[in-house]
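Student: Next comes data-v7.cif, mmCIF, C-alpha atoms:
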data_structure
#
loop_
_atom_site.label_atom_id
_atom_site.label_comp_id
_atom_site.auth_asym_id
_atom_site.auth_seq_id
_atom_site.Cartn_x
_atom_site.Cartn_y
_atom_site.Cartn_z
CA MET A 1013 -41.30 5.05 17.19
CA THR A 1014 -44.42 5.41 15.06
CA VAL A 1015 -42.87 3.48 12.15
CA THR A 1016 -41.85 0.81 14.64
CA ARG A 1017 -45.47 0.57 15.80
CA LEU A 1018 -46.64 0.42 12.19
CA ALA A 1019 -44.21 -2.42 11.53
CA GLU A 1020 -45.67 -4.30 14.47
CA LEU A 1021 -49.15 -3.97 13.02
CA VAL A 1022 -48.12 -4.95 9.48
CA ALA A 1023 -45.96 -7.88 10.58
CA GLY A 1024 -49.06 -9.91 11.41
CA GLY A 1025 -50.02 -10.02 7.72
CA GLY A 1026 -53.49 -9.95 6.23
CA VAL A 1027 -53.14 -6.24 5.47
CA ALA A 1028 -55.58 -4.50 3.12
CA VAL A 1029 -54.04 -1.39 1.55
CA LEU A 1030 -56.16 1.59 0.49
CA SER A 1031 -54.06 4.02 -1.55
CA GLY A 1032 -54.78 7.52 -2.84
CA ALA A 1033 -53.21 10.25 -4.93
CA GLY A 1034 -50.68 11.14 -2.23
CA LEU A 1035 -48.84 7.89 -2.93
CA SER A 1036 -48.12 8.99 -6.52
CA THR A 1037 -46.95 12.56 -5.95
CA GLU A 1038 -43.33 11.40 -5.66
CA SER A 1039 -43.71 10.03 -9.20
CA GLY A 1040 -44.53 13.53 -10.41
CA ILE A 1041 -48.29 13.10 -10.50
CA PRO A 1042 -50.05 15.92 -8.60
CA ASP A 1043 -52.82 15.32 -6.08
CA TYR A 1044 -56.07 17.21 -5.47
CA ARG A 1045 -56.00 17.89 -1.74
CA GLY A 1046 -52.45 17.30 -0.47
CA PRO A 1047 -49.48 19.69 -0.56
CA THR A 1048 -49.30 19.77 -4.38
CA GLY A 1049 -53.03 20.27 -4.77
CA ARG A 1050 -53.76 23.12 -2.39
CA ALA A 1051 -52.76 25.83 -4.85
CA ARG A 1052 -54.81 24.31 -7.66
CA ARG A 1053 -58.54 24.57 -8.21
CA ALA A 1054 -59.56 21.28 -9.80
CA GLU A 1055 -62.60 21.17 -12.09
CA PRO A 1056 -62.71 17.60 -13.34
CA MET A 1057 -64.90 16.46 -16.20
CA THR A 1058 -68.23 15.00 -15.16
CA TYR A 1059 -69.84 11.99 -16.80
CA GLN A 1060 -72.96 13.96 -17.65
CA ARG A 1061 -71.03 16.68 -19.52
CA PHE A 1062 -68.88 14.11 -21.32
CA VAL A 1063 -71.76 12.04 -22.73
CA GLY A 1064 -74.01 15.02 -23.37
CA SER A 1065 -71.74 17.30 -25.40
CA ALA A 1066 -69.43 16.75 -28.37
CA GLN A 1067 -67.73 20.03 -27.43
CA ALA A 1068 -67.06 18.70 -23.91
CA ARG A 1069 -65.56 15.51 -25.37
CA GLN A 1070 -63.35 17.57 -27.67
CA ARG A 1071 -62.18 19.58 -24.67
CA TYR A 1072 -61.59 16.48 -22.59
CA TRP A 1073 -59.64 14.50 -25.21
CA ALA A 1074 -57.50 17.50 -26.21
CA ARG A 1075 -56.54 18.07 -22.58
CA SER A 1076 -56.12 14.38 -21.84
CA HIS A 1077 -54.00 13.87 -24.98
CA VAL A 1078 -51.53 16.41 -23.59
CA GLY A 1079 -51.78 15.15 -20.01
CA TRP A 1080 -51.16 11.53 -20.98
CA ARG A 1081 -47.61 12.43 -21.97
CA GLU A 1082 -46.87 13.00 -18.29
CA ILE A 1083 -49.10 10.34 -16.74
CA GLY A 1084 -48.07 7.67 -19.25
CA GLN A 1085 -44.38 8.28 -18.64
CA ALA A 1086 -44.63 8.30 -14.83
CA ARG A 1087 -42.72 5.55 -13.04
CA PRO A 1088 -43.32 3.89 -9.66
CA ASN A 1089 -41.66 5.62 -6.74
CA ALA A 1090 -40.22 4.22 -3.53
CA GLY A 1091 -43.69 4.05 -1.97
CA HIS A 1092 -45.09 1.87 -4.76
CA GLN A 1093 -42.00 -0.31 -4.63
CA ALA A 1094 -42.36 -0.75 -0.88
CA VAL A 1095 -46.02 -1.78 -1.19
CA ALA A 1096 -45.10 -4.32 -3.86
CA GLU A 1097 -42.37 -5.62 -1.56
CA LEU A 1098 -44.88 -6.08 1.25
CA GLU A 1099 -47.00 -8.12 -1.14
CA ARG A 1100 -44.00 -10.24 -2.17
CA ARG A 1101 -43.37 -10.97 1.50
CA GLY A 1102 -46.90 -12.31 1.84
CA LEU A 1103 -48.11 -9.57 4.18
CA LEU A 1104 -50.91 -8.12 2.04
CA ALA A 1105 -54.41 -9.42 1.52
CA GLY A 1106 -54.75 -7.02 -1.41
CA ILE A 1107 -54.65 -3.40 -2.57
CA VAL A 1108 -57.56 -1.07 -3.28
CA THR A 1109 -56.32 2.00 -5.11
CA GLN A 1110 -58.23 5.19 -5.83
CA ASN A 1111 -55.55 6.09 -8.36
CA VAL A 1112 -55.89 5.60 -12.11
CA ASP A 1113 -52.18 5.69 -12.98
CA GLY A 1114 -51.34 1.97 -12.89
CA LEU A 1115 -48.20 2.53 -10.82
CA HIS A 1116 -48.93 -0.22 -8.29
CA GLN A 1117 -48.93 -2.78 -11.08
CA ALA A 1118 -45.88 -1.19 -12.71
CA ALA A 1119 -44.03 -1.69 -9.42
CA GLY A 1120 -44.91 -5.41 -9.49
CA ALA A 1121 -48.00 -5.59 -7.29
CA ARG A 1122 -50.48 -8.23 -8.45
CA ARG A 1123 -53.56 -8.14 -6.23
CA VAL A 1124 -54.75 -4.64 -7.14
CA ILE A 1125 -58.36 -3.47 -7.38
CA GLU A 1126 -58.57 -0.23 -9.37
CA LEU A 1127 -61.57 1.36 -7.68
CA HIS A 1128 -61.84 4.15 -10.24
CA GLY A 1129 -60.47 2.26 -13.26
CA GLY A 1130 -57.30 2.95 -15.22
CA LEU A 1131 -56.19 5.61 -17.70
CA ASP A 1132 -54.21 3.04 -19.68
CA ARG A 1133 -57.44 1.68 -21.19
CA VAL A 1134 -60.26 3.14 -23.29
CA VAL A 1135 -63.84 1.84 -23.43
CA CYS A 1136 -66.50 2.34 -26.13
CA LEU A 1137 -69.79 3.50 -24.62
CA SER A 1138 -71.73 1.65 -27.34
CA CYS A 1139 -70.14 -1.77 -27.87
CA ARG A 1140 -68.16 -1.74 -24.57
CA GLU A 1141 -64.97 -2.91 -26.29
CA ARG A 1142 -61.85 -2.02 -24.31
CA THR A 1143 -58.65 -1.09 -26.11
CA PRO A 1144 -55.19 0.08 -24.96
CA ARG A 1145 -54.71 3.80 -24.43
CA ALA A 1146 -51.52 3.62 -26.50
CA GLU A 1147 -53.62 2.64 -29.53
CA LEU A 1148 -55.90 5.65 -29.07
CA GLU A 1149 -52.93 7.96 -28.69
CA ARG A 1150 -51.54 6.79 -32.05
CA ARG A 1151 -54.90 7.50 -33.69
CA LEU A 1152 -55.18 10.95 -32.09
CA ARG A 1153 -51.70 11.89 -33.28
CA ALA A 1154 -52.61 10.77 -36.81
CA ALA A 1155 -55.87 12.76 -36.72
CA ASN A 1156 -54.10 15.89 -35.43
CA PRO A 1157 -50.69 15.98 -37.18
CA ALA A 1158 -50.24 19.75 -36.90
CA TRP A 1159 -51.88 20.23 -33.49
CA GLU A 1160 -49.61 21.06 -30.56
CA ALA A 1161 -50.33 22.55 -27.15
CA ALA A 1162 -48.38 23.11 -23.96
CA ALA A 1163 -50.28 22.75 -20.69
CA ALA A 1164 -50.27 25.29 -17.88
CA ARG A 1165 -50.54 22.38 -15.44
CA ILE A 1166 -51.57 18.72 -15.21
CA ASN A 1167 -54.27 17.38 -12.86
CA PRO A 1168 -54.08 13.96 -11.14
CA ASP A 1169 -56.50 12.37 -13.62
CA GLY A 1170 -54.26 13.32 -16.54
CA ASP A 1171 -56.37 16.35 -17.45
CA ALA A 1172 -54.10 19.11 -18.74
CA VAL A 1173 -55.21 22.71 -18.34
CA LEU A 1174 -55.55 24.30 -21.81
CA THR A 1175 -57.20 27.45 -23.09
CA ASP A 1176 -60.28 27.35 -25.32
CA ALA A 1177 -58.12 28.58 -28.19
CA GLN A 1178 -55.75 25.65 -27.76
CA VAL A 1179 -58.63 23.16 -27.83
CA THR A 1180 -60.19 24.60 -31.00
CA GLY A 1181 -59.54 22.41 -34.02
CA PHE A 1182 -58.65 19.26 -32.09
CA GLN A 1183 -60.12 16.22 -33.84
CA VAL A 1184 -61.68 13.47 -31.70
CA VAL A 1185 -61.74 9.87 -32.98
CA ASP A 1186 -64.45 7.28 -32.36
CA CYS A 1187 -64.54 3.52 -31.83
CA VAL A 1188 -62.97 1.59 -34.70
CA ALA A 1189 -65.33 -1.34 -34.19
CA CYS A 1190 -68.71 0.47 -34.12
CA GLY A 1191 -68.17 4.23 -34.41
CA GLY A 1192 -69.31 4.78 -30.82
CA VAL A 1193 -68.07 7.36 -28.34
CA LEU A 1194 -64.78 6.50 -26.63
CA LYS A 1195 -64.20 7.22 -22.96
CA PRO A 1196 -61.21 6.51 -20.70
CA ASP A 1197 -61.88 3.38 -18.64
CA VAL A 1198 -62.15 5.42 -15.46
CA VAL A 1199 -65.03 6.50 -13.25
CA PHE A 1200 -65.84 10.15 -13.87
CA PHE A 1201 -67.40 12.44 -11.29
CA GLY A 1202 -71.14 11.82 -11.39
CA GLU A 1203 -70.63 8.21 -12.45
CA ASN A 1204 -71.00 5.23 -10.10
CA VAL A 1205 -68.30 2.68 -9.43
CA PRO A 1206 -69.64 -0.71 -10.62
CA ARG A 1207 -71.33 -2.46 -7.70
CA PRO A 1208 -69.40 -5.75 -8.07
CA ARG A 1209 -66.14 -3.81 -7.78
CA VAL A 1210 -67.32 -2.02 -4.65
CA ASP A 1211 -68.45 -5.34 -3.15
CA GLU A 1212 -65.03 -6.86 -3.91
CA CYS A 1213 -63.35 -3.99 -2.06
CA PHE A 1214 -65.67 -4.32 0.94
CA ALA A 1215 -64.99 -8.08 1.07
CA LEU A 1216 -61.24 -7.48 1.02
CA VAL A 1217 -61.47 -4.98 3.87
CA ALA A 1218 -63.85 -7.16 5.90
CA GLY A 1219 -61.45 -10.10 5.71
CA ALA A 1220 -58.33 -8.09 6.60
CA SER A 1221 -56.43 -7.98 9.87
CA LEU A 1222 -55.41 -4.36 9.29
CA LEU A 1223 -56.50 -1.56 6.95
CA LEU A 1224 -53.48 0.50 5.90
CA VAL A 1225 -54.40 3.82 4.25
CA LEU A 1226 -51.65 5.39 2.16
CA GLY A 1227 -51.77 8.90 0.72
CA SER A 1228 -55.52 9.47 0.87
CA SER A 1229 -57.17 12.44 2.54
CA LEU A 1230 -60.38 10.40 2.90
CA THR A 1231 -62.30 13.58 2.16
CA VAL A 1232 -64.93 11.94 -0.03
CA ARG A 1233 -67.06 8.87 0.57
CA SER A 1234 -65.36 6.87 -2.18
CA GLY A 1235 -62.46 5.94 0.11
CA LEU A 1236 -63.84 6.86 3.52
CA ARG A 1237 -66.55 4.17 3.33
CA PHE A 1238 -63.89 1.45 3.59
CA VAL A 1239 -62.43 3.04 6.71
CA THR A 1240 -65.93 3.27 8.17
CA LYS A 1241 -66.47 -0.41 7.36
CA ALA A 1242 -63.21 -1.47 9.00
CA ALA A 1243 -64.01 0.59 12.11
CA SER A 1244 -67.48 -0.97 12.38
CA LEU A 1245 -65.90 -4.43 12.33
CA GLY A 1246 -63.24 -3.57 14.90
CA ILE A 1247 -60.42 -3.93 12.34
CA PRO A 1248 -57.38 -1.77 13.24
CA ILE A 1249 -56.71 1.15 10.90
CA ALA A 1250 -53.33 2.76 10.24
CA ILE A 1251 -53.01 5.91 8.12
CA VAL A 1252 -49.86 7.33 6.50
CA ASN A 1253 -50.59 10.66 4.81
CA GLN A 1254 -49.27 14.21 4.61
CA GLY A 1255 -51.92 16.19 6.43
CA GLU A 1256 -55.05 15.32 8.35
CA THR A 1257 -57.58 12.87 6.93
CA GLY A 1258 -61.27 12.20 7.31
CA GLY A 1259 -60.48 8.87 8.94
CA ASP A 1260 -58.08 9.99 11.66
CA ALA A 1261 -60.70 9.65 14.41
CA ASP A 1262 -61.10 5.93 13.64
CA ALA A 1263 -57.40 5.17 13.26
CA SER A 1264 -55.27 3.23 15.73
CA LEU A 1265 -52.18 4.90 14.28
CA THR A 1266 -51.62 8.00 12.12
CA LEU A 1267 -48.35 9.17 10.57
CA ASP A 1268 -48.11 12.60 8.98
CA ALA A 1269 -45.11 11.87 6.81
CA PRO A 1270 -43.90 11.52 3.20
CA LEU A 1271 -44.91 8.14 1.79
CA GLY A 1272 -41.75 7.00 0.00
CA PRO A 1273 -39.27 7.33 2.87
CA THR A 1274 -41.77 6.10 5.47
CA LEU A 1275 -42.75 2.96 3.57
CA THR A 1276 -39.14 2.22 2.68
CA GLU A 1277 -38.26 2.43 6.36
CA LEU A 1278 -41.22 0.18 7.13
CA THR A 1279 -39.83 -2.58 4.90
CA THR A 1280 -36.44 -2.39 6.64
CA ARG A 1281 -38.13 -2.97 10.01
CA LEU A 1282 -39.89 -6.12 8.86
CA PRO A 1283 -38.21 -9.53 8.66
CA VAL A 1284 -37.47 -10.91 5.21
CA PRO A 1285 -39.02 -14.40 4.85
CA ALA A 1286 -36.68 -17.29 4.23
CA GLN A 1287 -36.52 -18.46 0.61
#
Take the structure in the file and give it back as structure tokens.

Tutor:
Amino acid sequence: MTVTRLAELVAGGGVAVLSGAGLSTESGIPDYRGPTGRARRAEPMTYQRFVGSAQARQRYWARSHVGWREIGQARPNAGHQAVAELERRGLLAGIVTQNVDGLHQAAGARRVIELHGGLDRVVCLSCRERTPRAELERRLRAANPAWEAAAARINPDGDAVLTDAQVTGFQVVDCVACGGVLKPDVVFFGENVPRPRVDECFALVAGASLLLVLGSSLTVRSGLRFVTKAASLGIPIAIVNQGETGGDADASLTLDAPLGPTLTELTTRLPVPAQ
């Protein structure tokens, strides 16, 4: 019955989607706080450590070079496909994703705001030129022809867990254009999301008829602030997540369920528009 109620809410259109790491776990990408993350202690790189230490950058890029093999090969799952289908049917106002894996776009979704950026791009901290991650990966392989490391585990941001001994000797490359420091085009811990991007997300939520949260624990302010905004405006909130979330008290509907099967069922309960 809960999916039926969710279908009733979504059928009116104008839905703003807020997605988190839980939506990508069925693609093999682990999360921080859901079922796949509870046994893992995550210690993500901070912006301050990254810019302040060449050793920290060596550690980050060695780990990320290994982790990208998994993140870069991940494919959209049934949940991503269902969200893209909702967009094709004209039911979505847009998507705000906290994920950096690009899987919404890979599934065919078009109106996607990447709140925390994307791992498929690299930015120079000096000249601000953005280049494809695939280009950087080719350069890193060329700079480290004999280097090889197997990860104990992969974190959601593509950070592979390696020992200090495995990181030793890894060669980092700099910006081709100016020689500056390269950083993934994502928002690190300790770094602020650009204000125009945040404002765009708030505007999307404020103009929506429904805020649909998918696979986010809403534990940190980054995502919770949009739920708080919707609640303050009297906009209905529906949450599909495995486990409790920080926004449950404000939600009109909560479903503790796997994302792929639930969202697939949702699409079957909605009418297909005439061509």

Student: Skipping near chain neighbours, those fewer than 6 positions away, what residues fall within 10 Å of Arg1101 in chain A using all atoms listed in the file, listed as a list in words?

Tutor: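 What passes the distance filter is Ala1023, Gly1025, Val1095, Thr1279, Leu1282, Pro1283, Val1284, Pro1285 and Ala1286 of chain A.
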
Student: Those residues with C-alpha atoms, as a PDB file, in the coordinates of the input please?

Tutor:
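Ended up saving to result.pdb:
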ATOM      1  CA  ALA A1023     -45.960  -7.880  10.580  1.00  0.00           C
ATOM      2  CA  GLY A1025     -50.020 -10.020   7.720  1.00  0.00           C
ATOM      3  CA  VAL A1095     -46.020  -1.780  -1.190  1.00  0.00           C
ATOM      4  CA  THR A1279     -39.830  -2.580   4.900  1.00  0.00           C
ATOM      5  CA  LEU A1282     -39.890  -6.120   8.860  1.00  0.00           C
ATOM      6  CA  PRO A1283     -38.210  -9.530   8.660  1.00  0.00           C
ATOM      7  CA  VAL A1284     -37.470 -10.910   5.210  1.00  0.00           C
ATOM      8  CA  PRO A1285     -39.020 -14.400   4.850  1.00  0.00           C
ATOM      9  CA  ALA A1286     -36.680 -17.290   4.230  1.00  0.00           C
TER      10      ALA A1286
END

Student: Residues around (-71.5, 15.1, -21.3), cut-off 12 Å, counting all atoms listed in the file - what are they as a PDB file with C-alpha atoms, in the coordinates of the input?

Tutor:
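Resulting contents of out30.pdb:
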ATOM      1  CA  MET A1057     -64.900  16.460 -16.200  1.00  0.00           C
ATOM      2  CA  THR A1058     -68.230  15.000 -15.160  1.00  0.00           C
ATOM      3  CA  TYR A1059     -69.840  11.990 -16.800  1.00  0.00           C
ATOM      4  CA  GLN A1060     -72.960  13.960 -17.650  1.00  0.00           C
ATOM      5  CA  ARG A1061     -71.030  16.680 -19.520  1.00  0.00           C
ATOM      6  CA  PHE A1062     -68.880  14.110 -21.320  1.00  0.00           C
ATOM      7  CA  VAL A1063     -71.760  12.040 -22.730  1.00  0.00           C
ATOM      8  CA  GLY A1064     -74.010  15.020 -23.370  1.00  0.00           C
ATOM      9  CA  SER A1065     -71.740  17.300 -25.400  1.00  0.00           C
ATOM     10  CA  ALA A1066     -69.430  16.750 -28.370  1.00  0.00           C
ATOM     11  CA  GLN A1067     -67.730  20.030 -27.430  1.00  0.00           C
ATOM     12  CA  ALA A1068     -67.060  18.700 -23.910  1.00  0.00           C
ATOM     13  CA  ARG A1069     -65.560  15.510 -25.370  1.00  0.00           C
ATOM     14  CA  GLN A1070     -63.350  17.570 -27.670  1.00  0.00           C
ATOM     15  CA  ARG A1071     -62.180  19.580 -24.670  1.00  0.00           C
ATOM     16  CA  TYR A1072     -61.590  16.480 -22.590  1.00  0.00           C
ATOM     17  CA  VAL A1193     -68.070   7.360 -28.340  1.00  0.00           C
ATOM     18  CA  LYS A1195     -64.200   7.220 -22.960  1.00  0.00           C
ATOM     19  CA  PHE A1200     -65.840  10.150 -13.870  1.00  0.00           C
ATOM     20  CA  PHE A1201     -67.400  12.440 -11.290  1.00  0.00           C
ATOM     21  CA  GLY A1202     -71.140  11.820 -11.390  1.00  0.00           C
ATOM     22  CA  GLU A1203     -70.630   8.210 -12.450  1.00  0.00           C
TER      23      GLU A1203
END

Student: Using only C-alpha atoms, which residue out of A:Leu1021, A:Ala1163, A:Leu1223, A:Ala1119 lies closest to Gly1079 in chain A?

Tutor: A:Ala1163

Student: Box for range 1253-1270 of chain A - axis-aligned, 8 Å on each of the six sides, all listed atoms - centre and size in Å to one decimal, as JSON.

Tutor:
{"center_x": -52.6, "center_y": 9.7, "center_z": 9.5, "size_x": 33.4, "size_y": 29.0, "size_z": 28.5}

Student: Quick one: of A:Glu1099, A:Asp1186, A:Glu1020, A:Asp1197, who's nearest to Pro1144 in chain A, counting only C-alpha atoms?

Tutor: A:Asp1197

Student: May I have the residues within 12 Å of Ala1172 in chain A as a list in words, using all atoms listed in the file and disregarding those fewer than 4 positions away in the same chain?

Tutor: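 Once the adjacent positions are removed, what remains is Ile1041, Pro1042, Ala1054, Glu1055, Pro1056, Met1057, Arg1071, Tyr1072, Trp1073, Ala1074, Arg1075, Ser1076, His1077, Val1078, Gly1079, Trp1080, Arg1081, Glu1082, Ile1083, Ala1161, Ala1162, Ala1163, Ala1164, Arg1165, Ile1166, Asn1167, Pro1168, Gln1178 and Val1179 of chain A.
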
Student: Return the single residue from A:Thr1143, A:Ser1234, A:Thr1037, A:Gln1117 that is closest to Val1210 in chain A, with distances computed using only C-alpha atoms.

Tutor: A:Ser1234

Student: Taking the file as I've supplied it (selection: the PyMOL selection byres ((chain A and resi 1090) around 12)), which residues are included? Please answer as a PyMOL selection string.

Tutor: chain A and resi 1035-1039+1087-1089+1091-1097+1115-1116+1119+1270-1279

Student: Which residue, A:Leu1194, A:Val1015, A:Leu1265, A:Val1239, has the smallest gap to Arg1145 in chain A when you use only C-alpha atoms?

Tutor: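 Comparing A:Leu1194, A:Val1015, A:Leu1265, A:Val1239 against Arg1145 in chain A, the winner is A:Leu1194.
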
Student: Given the choices A:Val1027, A:Val1184, A:Leu1236, A:Ala1220, which gets closest to Leu1098 in chain A if the distance is worked out from only C-alpha atoms?

Tutor: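 That would be A:Val1027, the residue with the smallest distance to Leu1098 in chain A.
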
Student: Would you mind writing range 1275-1285 of chain A with all heavy atoms, as a CSV table (one decimal), in the coordinates of the input?

Tutor:
chain,number,residue,atom,x,y,z
A,1275,LEU,N,-42.5,4.3,3.9
A,1275,LEU,CA,-42.8,3.0,3.6
A,1275,LEU,C,-41.5,2.2,3.3
A,1275,LEU,O,-41.4,1.0,3.6
A,1275,LEU,CB,-43.7,2.9,2.3
A,1275,LEU,CG,-45.1,3.5,2.6
A,1275,LEU,CD1,-45.9,3.5,1.3
A,1275,LEU,CD2,-45.8,2.6,3.6
A,1276,THR,N,-40.4,2.9,2.8
A,1276,THR,CA,-39.1,2.2,2.7
A,1276,THR,C,-38.6,1.8,4.0
A,1276,THR,O,-38.1,0.7,4.2
A,1276,THR,CB,-38.2,3.1,2.0
A,1276,THR,OG1,-38.7,3.5,0.6
A,1276,THR,CG2,-36.8,2.5,1.8
A,1277,GLU,N,-38.7,2.7,5.0
A,1277,GLU,CA,-38.3,2.4,6.4
A,1277,GLU,C,-39.1,1.3,6.9
A,1277,GLU,O,-38.5,0.4,7.6
A,1277,GLU,CB,-38.4,3.7,7.3
A,1277,GLU,CG,-37.9,3.4,8.7
A,1277,GLU,CD,-38.0,4.6,9.6
A,1277,GLU,OE1,-38.3,5.7,9.1
A,1277,GLU,OE2,-37.8,4.5,10.8
A,1278,LEU,N,-40.4,1.3,6.6
A,1278,LEU,CA,-41.2,0.2,7.1
A,1278,LEU,C,-40.7,-1.2,6.7
A,1278,LEU,O,-40.6,-2.1,7.5
A,1278,LEU,CB,-42.7,0.4,6.6
A,1278,LEU,CG,-43.6,-0.8,6.9
A,1278,LEU,CD1,-43.8,-1.0,8.4
A,1278,LEU,CD2,-45.0,-0.5,6.2
A,1279,THR,N,-40.3,-1.3,5.4
A,1279,THR,CA,-39.8,-2.6,4.9
A,1279,THR,C,-38.5,-3.0,5.6
A,1279,THR,O,-38.3,-4.2,5.8
A,1279,THR,CB,-39.6,-2.5,3.4
A,1279,THR,OG1,-38.6,-1.6,3.0
A,1279,THR,CG2,-40.9,-2.2,2.7
A,1280,THR,N,-37.7,-2.0,6.0
A,1280,THR,CA,-36.4,-2.4,6.6
A,1280,THR,C,-36.7,-2.9,8.1
A,1280,THR,O,-35.8,-3.6,8.6
A,1280,THR,CB,-35.5,-1.2,6.7
A,1280,THR,OG1,-36.0,-0.2,7.5
A,1280,THR,CG2,-35.3,-0.6,5.3
A,1281,ARG,N,-37.8,-2.6,8.6
A,1281,ARG,CA,-38.1,-3.0,10.0
A,1281,ARG,C,-38.9,-4.3,10.1
A,1281,ARG,O,-39.2,-4.8,11.2
A,1281,ARG,CB,-38.9,-1.9,10.7
A,1281,ARG,CG,-38.1,-0.6,11.0
A,1281,ARG,CD,-39.0,0.5,11.6
A,1281,ARG,NE,-38.2,1.7,11.8
A,1281,ARG,CZ,-37.7,2.1,12.9
A,1281,ARG,NH1,-37.8,1.3,14.0
A,1281,ARG,NH2,-37.0,3.2,13.0
A,1282,LEU,N,-39.2,-4.9,8.9
A,1282,LEU,CA,-39.9,-6.1,8.9
A,1282,LEU,C,-39.0,-7.2,8.4
A,1282,LEU,O,-38.1,-7.1,7.6
A,1282,LEU,CB,-41.1,-6.0,7.9
A,1282,LEU,CG,-42.2,-5.1,8.3
A,1282,LEU,CD1,-43.1,-4.8,7.0
A,1282,LEU,CD2,-43.0,-5.7,9.4
A,1283,PRO,N,-39.1,-8.4,9.0
A,1283,PRO,CA,-38.2,-9.5,8.7
A,1283,PRO,C,-38.5,-10.0,7.2
A,1283,PRO,O,-39.6,-10.0,6.7
A,1283,PRO,CB,-38.6,-10.6,9.7
A,1283,PRO,CG,-40.0,-10.3,10.1
A,1283,PRO,CD,-40.1,-8.8,10.0
A,1284,VAL,N,-37.4,-10.4,6.6
A,1284,VAL,CA,-37.5,-10.9,5.2
A,1284,VAL,C,-37.7,-12.4,5.3
A,1284,VAL,O,-36.9,-13.1,6.0
A,1284,VAL,CB,-36.2,-10.6,4.4
A,1284,VAL,CG1,-36.3,-11.2,3.0
A,1284,VAL,CG2,-35.9,-9.1,4.3
A,1285,PRO,N,-38.8,-13.0,4.7
A,1285,PRO,CA,-39.0,-14.4,4.8
A,1285,PRO,C,-37.9,-15.2,4.2
A,1285,PRO,O,-37.3,-14.8,3.2
A,1285,PRO,CB,-40.4,-14.6,4.1
A,1285,PRO,CG,-40.5,-13.4,3.2
A,1285,PRO,CD,-39.8,-12.3,3.9
